[in-house]
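Student: Structure file run_34.csv (CSV, C-alpha atoms and all ligand atoms) is given on the next line.
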chain,number,residue,atom,x,y,z
A,1,MET,CA,22.2,10.6,-8.1
A,2,ILE,CA,19.7,8.0,-7.1
A,3,THR,CA,19.3,5.1,-9.5
A,4,LYS,CA,17.4,1.9,-9.4
A,5,LYS,CA,20.6,-0.1,-9.1
A,6,ASN,CA,21.6,1.4,-5.8
A,7,LEU,CA,18.2,2.0,-4.3
A,8,THR,CA,17.8,1.3,-0.6
A,9,LEU,CA,15.3,3.0,1.6
A,10,PRO,CA,14.4,3.0,5.3
A,11,PHE,CA,11.1,1.3,6.0
A,12,LEU,CA,8.9,4.4,6.5
A,13,LYS,CA,9.0,8.0,5.5
A,14,GLU,CA,7.6,9.8,8.5
A,15,SER,CA,7.6,13.3,6.9
A,16,VAL,CA,4.5,12.3,4.8
A,17,ALA,CA,2.3,11.1,7.6
A,18,ARG,CA,-1.2,12.4,7.1
A,19,ASN,CA,-2.2,12.6,10.8
A,20,ARG,CA,-0.9,12.2,14.3
A,21,GLU,CA,-2.0,8.6,14.7
A,22,GLN,CA,-0.1,7.6,11.6
A,23,LEU,CA,3.0,9.6,12.6
A,24,ASP,CA,3.1,8.0,16.0
A,25,LEU,CA,2.8,4.5,14.6
A,26,MET,CA,5.5,5.2,11.9
A,27,HIS,CA,7.9,6.5,14.5
A,28,LYS,CA,7.4,3.4,16.7
A,29,ILE,CA,8.0,1.1,13.7
A,30,ASN,CA,11.1,3.0,12.6
A,31,THR,CA,12.4,2.8,16.2
A,32,ASP,CA,11.7,-0.9,16.3
A,33,GLY,CA,13.6,-1.3,13.0
A,34,ASN,CA,11.1,-3.7,11.4
A,35,CYS,CA,9.4,-3.4,8.0
A,36,PRO,CA,5.7,-3.1,8.8
A,37,PHE,CA,4.7,-4.7,5.6
A,38,CYS,CA,6.9,-7.8,5.6
A,39,GLU,CA,4.6,-10.7,6.2
A,40,SER,CA,6.0,-11.6,9.7
A,41,ASN,CA,5.4,-8.1,11.0
A,42,PHE,CA,2.2,-7.1,9.2
A,43,SER,CA,-0.4,-8.0,11.9
A,44,LYS,CA,1.9,-6.6,14.6
A,45,TYR,CA,1.6,-3.1,13.3
A,46,HIS,CA,-1.3,-2.8,10.9
A,47,PRO,CA,-4.5,-2.1,12.9
A,48,LYS,CA,-7.0,-3.4,10.4
A,49,PRO,CA,-7.7,-7.1,9.9
A,50,ILE,CA,-6.5,-9.2,7.0
A,51,ILE,CA,-9.5,-9.5,4.6
A,52,ARG,CA,-7.9,-12.2,2.5
A,53,ASP,CA,-4.6,-14.0,2.6
A,54,CYS,CA,-3.8,-14.8,-1.0
A,55,LYS,CA,-0.8,-16.8,-2.4
A,56,PHE,CA,1.4,-13.8,-3.1
A,57,TRP,CA,-0.5,-10.8,-1.5
A,58,LEU,CA,-2.3,-9.9,1.7
A,59,ILE,CA,-5.5,-7.8,1.5
A,60,SER,CA,-6.5,-5.4,4.2
A,61,GLU,CA,-8.1,-2.0,4.5
A,62,ASN,CA,-5.7,1.0,4.5
A,63,MET,CA,-5.1,2.3,8.0
A,64,THR,CA,-6.4,5.7,7.1
A,65,LYS,CA,-8.7,6.0,4.1
A,66,TYR,CA,-7.9,8.7,1.6
A,67,GLN,CA,-10.4,11.6,2.1
A,68,ASN,CA,-13.7,11.0,0.3
A,69,ALA,CA,-12.9,7.3,-0.5
A,70,LYS,CA,-15.7,4.9,0.0
A,71,TYR,CA,-13.3,1.9,-0.2
A,72,HIS,CA,-9.6,1.9,0.3
A,73,PHE,CA,-7.9,-1.4,0.3
A,74,LEU,CA,-4.3,-2.2,0.9
A,75,VAL,CA,-2.7,-5.1,-1.1
A,76,VAL,CA,0.7,-6.0,0.3
A,77,LEU,CA,3.3,-8.3,-1.4
A,78,LYS,CA,4.0,-11.3,0.8
A,79,SER,CA,7.0,-13.1,-0.8
A,80,SER,CA,9.8,-10.7,0.2
A,81,HIS,CA,10.8,-7.2,1.0
A,82,GLN,CA,10.8,-5.5,-2.5
A,83,ILE,CA,10.9,-1.8,-3.3
A,84,GLU,CA,10.1,-1.8,-7.0
A,85,HIS,CA,7.7,-3.6,-9.4
A,86,GLY,CA,10.5,-4.7,-11.8
A,87,SER,CA,11.3,-7.6,-9.4
A,88,LEU,CA,7.8,-8.9,-9.4
A,89,ARG,CA,7.3,-12.3,-11.0
A,90,SER,CA,4.6,-12.8,-13.6
A,91,LYS,CA,2.4,-14.9,-11.3
A,92,GLU,CA,2.5,-12.1,-8.6
A,93,LYS,CA,1.5,-9.5,-11.2
A,94,LEU,CA,-1.4,-11.7,-12.4
A,95,GLU,CA,-2.6,-12.3,-8.9
A,96,LEU,CA,-2.7,-8.6,-8.2
A,97,PHE,CA,-5.1,-8.0,-11.0
A,98,GLU,CA,-7.2,-11.1,-9.9
A,99,ILE,CA,-7.4,-9.5,-6.4
A,100,TRP,CA,-8.5,-6.2,-8.0
A,101,GLU,CA,-11.3,-8.0,-9.9
A,102,TRP,CA,-12.3,-10.0,-6.8
A,103,LEU,CA,-12.6,-6.8,-4.6
A,104,GLU,CA,-14.8,-5.1,-7.1
A,105,ARG,CA,-17.1,-8.2,-7.3
A,106,GLU,CA,-17.0,-8.9,-3.5
A,107,TYR,CA,-17.9,-5.3,-2.5
A,108,ASP,CA,-20.0,-4.6,-5.6
A,109,ILE,CA,-17.8,-1.7,-6.6
A,110,PRO,CA,-18.8,0.1,-9.8
A,111,GLY,CA,-15.3,1.7,-10.4
A,112,SER,CA,-11.9,1.7,-8.7
A,113,THR,CA,-8.3,2.8,-9.1
A,114,LEU,CA,-5.2,0.8,-8.7
A,115,ILE,CA,-2.2,2.7,-7.3
A,116,LEU,CA,1.1,0.8,-7.3
A,117,ARG,CA,4.1,3.0,-6.3
A,118,SER,CA,7.5,1.7,-7.3
A,119,GLY,CA,11.0,2.8,-6.5
A,120,HIS,CA,12.2,5.8,-4.6
A,121,TRP,CA,9.5,7.5,-2.6
A,122,ASP,CA,10.7,11.0,-3.4
A,123,TYR,CA,9.3,10.3,-6.9
A,124,THR,CA,6.2,8.4,-5.9
A,125,GLY,CA,4.7,10.1,-2.8
A,126,GLY,CA,4.9,6.8,-1.0
A,127,SER,CA,5.5,6.4,2.7
A,128,VAL,CA,6.3,2.6,3.1
A,129,SER,CA,9.1,1.3,1.0
A,130,HIS,CA,7.8,-2.3,0.9
A,131,LEU,CA,5.9,-2.9,-2.4
A,132,HIS,CA,2.1,-2.6,-2.0
A,133,ALA,CA,-0.9,-1.5,-3.9
A,134,HIS,CA,-3.8,0.7,-3.0
A,135,ILE,CA,-7.2,-0.1,-4.6
A,136,VAL,CA,-9.5,2.9,-4.1
A,137,SER,CA,-13.0,3.7,-5.0
A,138,GLY,CA,-14.6,7.1,-4.5
A,139,SER,CA,-18.1,8.1,-3.4
A,140,GLY,CA,-19.5,8.6,-6.9
A,141,ASP,CA,-20.0,12.3,-6.1
A,142,ASP,CA,-18.0,14.6,-8.5
A,143,ASN,CA,-17.9,17.2,-5.8
A,144,LYS,CA,-15.9,14.9,-3.5
A,145,PRO,CA,-12.8,13.8,-5.4
A,146,VAL,CA,-10.2,11.4,-3.9
A,147,MET,CA,-6.8,12.9,-3.9
A,148,THR,CA,-3.3,11.4,-3.2
A,149,ARG,CA,0.3,12.2,-3.9
A,150,VAL,CA,2.0,10.5,-6.8
A,151,GLY,CA,5.3,12.4,-6.5
B,1,ZN,ZN,9.2,-5.4,3.9
Output the structure of this file as structure tokens.

Tutor:
Amino acid sequence: MITKKNLTLPFLKESVARNREQLDLMHKINTDGNCPFCESNFSKYHPKPIIRDCKFWLISENMTKYQNAKYHFLVVLKSSHQIEHGSLRSKEKLELFEIWEWLEREYDIPGSTLILRSGHWDYTGGSVSHLHAHIVSGSGDDNKPVMTRVG
């Protein structure tokens, strides 16, 4: 049985890649043996520029936007390789919400969703084990929903 106490994961879950480009990159990173979201590796693997380098988090665009998303930001924990939110410090949690508010102001976003997967990816739908958040805003068209896995 998987518990939080003995949770260890590889860096990437290739079986959930959403397209060939993502799968090829995931395979290369797993072969290299580096966590793509640890700060020292982030710019080496992530094809989008860093929008803002905050004290505890990096902000970038997600490599591949969720279908129908107008905005899809990636917010990656800088301090260390962590898998679940229970190890976040209060100041890291606070800055994540400050970033969420900043992105909505900066991009004049009328509504958005914060997705923060934590723990084993078989239960979250995640593909990168390093703790990170997605901040996503749809098109505003009810006929074009943004969908993602949460388990
Ligand atoms: Zn990492």

Student: Counting all atoms listed in the file, what residues are within 7 Å of ligand ZN 1 (chain B), given as JSON, numbers by chain?

Tutor: {"A": [35, 36, 37, 38, 80, 81, 82, 130]}

Student: Skip Leu77 (chain A) itself and residues of its chain fewer than 2 positions away, then list as number ranges by chain all residues within 12 Å of it, counting only C-alpha atoms.

Tutor: A: 36-40, 42, 53-60, 74-75, 79-85, 87-89, 91-93, 95-96, 99, 116, 129-134

Student: For Ile50 (chain A), which of A:Val76, A:Leu12, A:Ala69, A:Ile29 is the closest residue, counting all atoms listed in the file?

Tutor: A:Val76

Student: Nearest to Arg18 (chain A) among A:Gly86, A:Glu101, A:Thr64, A:Arg117, with distances taken over all atoms listed in the file: which residue is it?

Tutor: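 Closest residue, counting all atoms listed in the file: A:Thr64.
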
Student: Quote the spacing between CA of Ser112 (chain A) and CA of Gly138 (chain A) in Å to one decimal place.

Tutor: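 Rounded to one decimal, the two atoms are 7.4 Å apart.
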
Student: Between CA of Ala17 (chain A) and CA of Tyr66 (chain A), what is the distance, to one decimal in Å?

Tutor: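 Separating CA of Ala17 (chain A) from CA of Tyr66 (chain A) is a distance of 12.1 Å.
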
Student: Quick one: everything within 9 Å of Val16 (chain A), counting all atoms listed in the file, minus sequence neighbours fewer than 6 positions away in the same chain. Send it as a VMD selection string.

Tutor: chain A and resid 23 125 to 127

Student: Mind pulling up the distance from CA of Asn62 (chain A) to CA of Pro145 (chain A)?

Tutor: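 Computing the Euclidean distance for CA of Pro145 (chain A) and CA of Asn62 (chain A) yields 17.7 Å.
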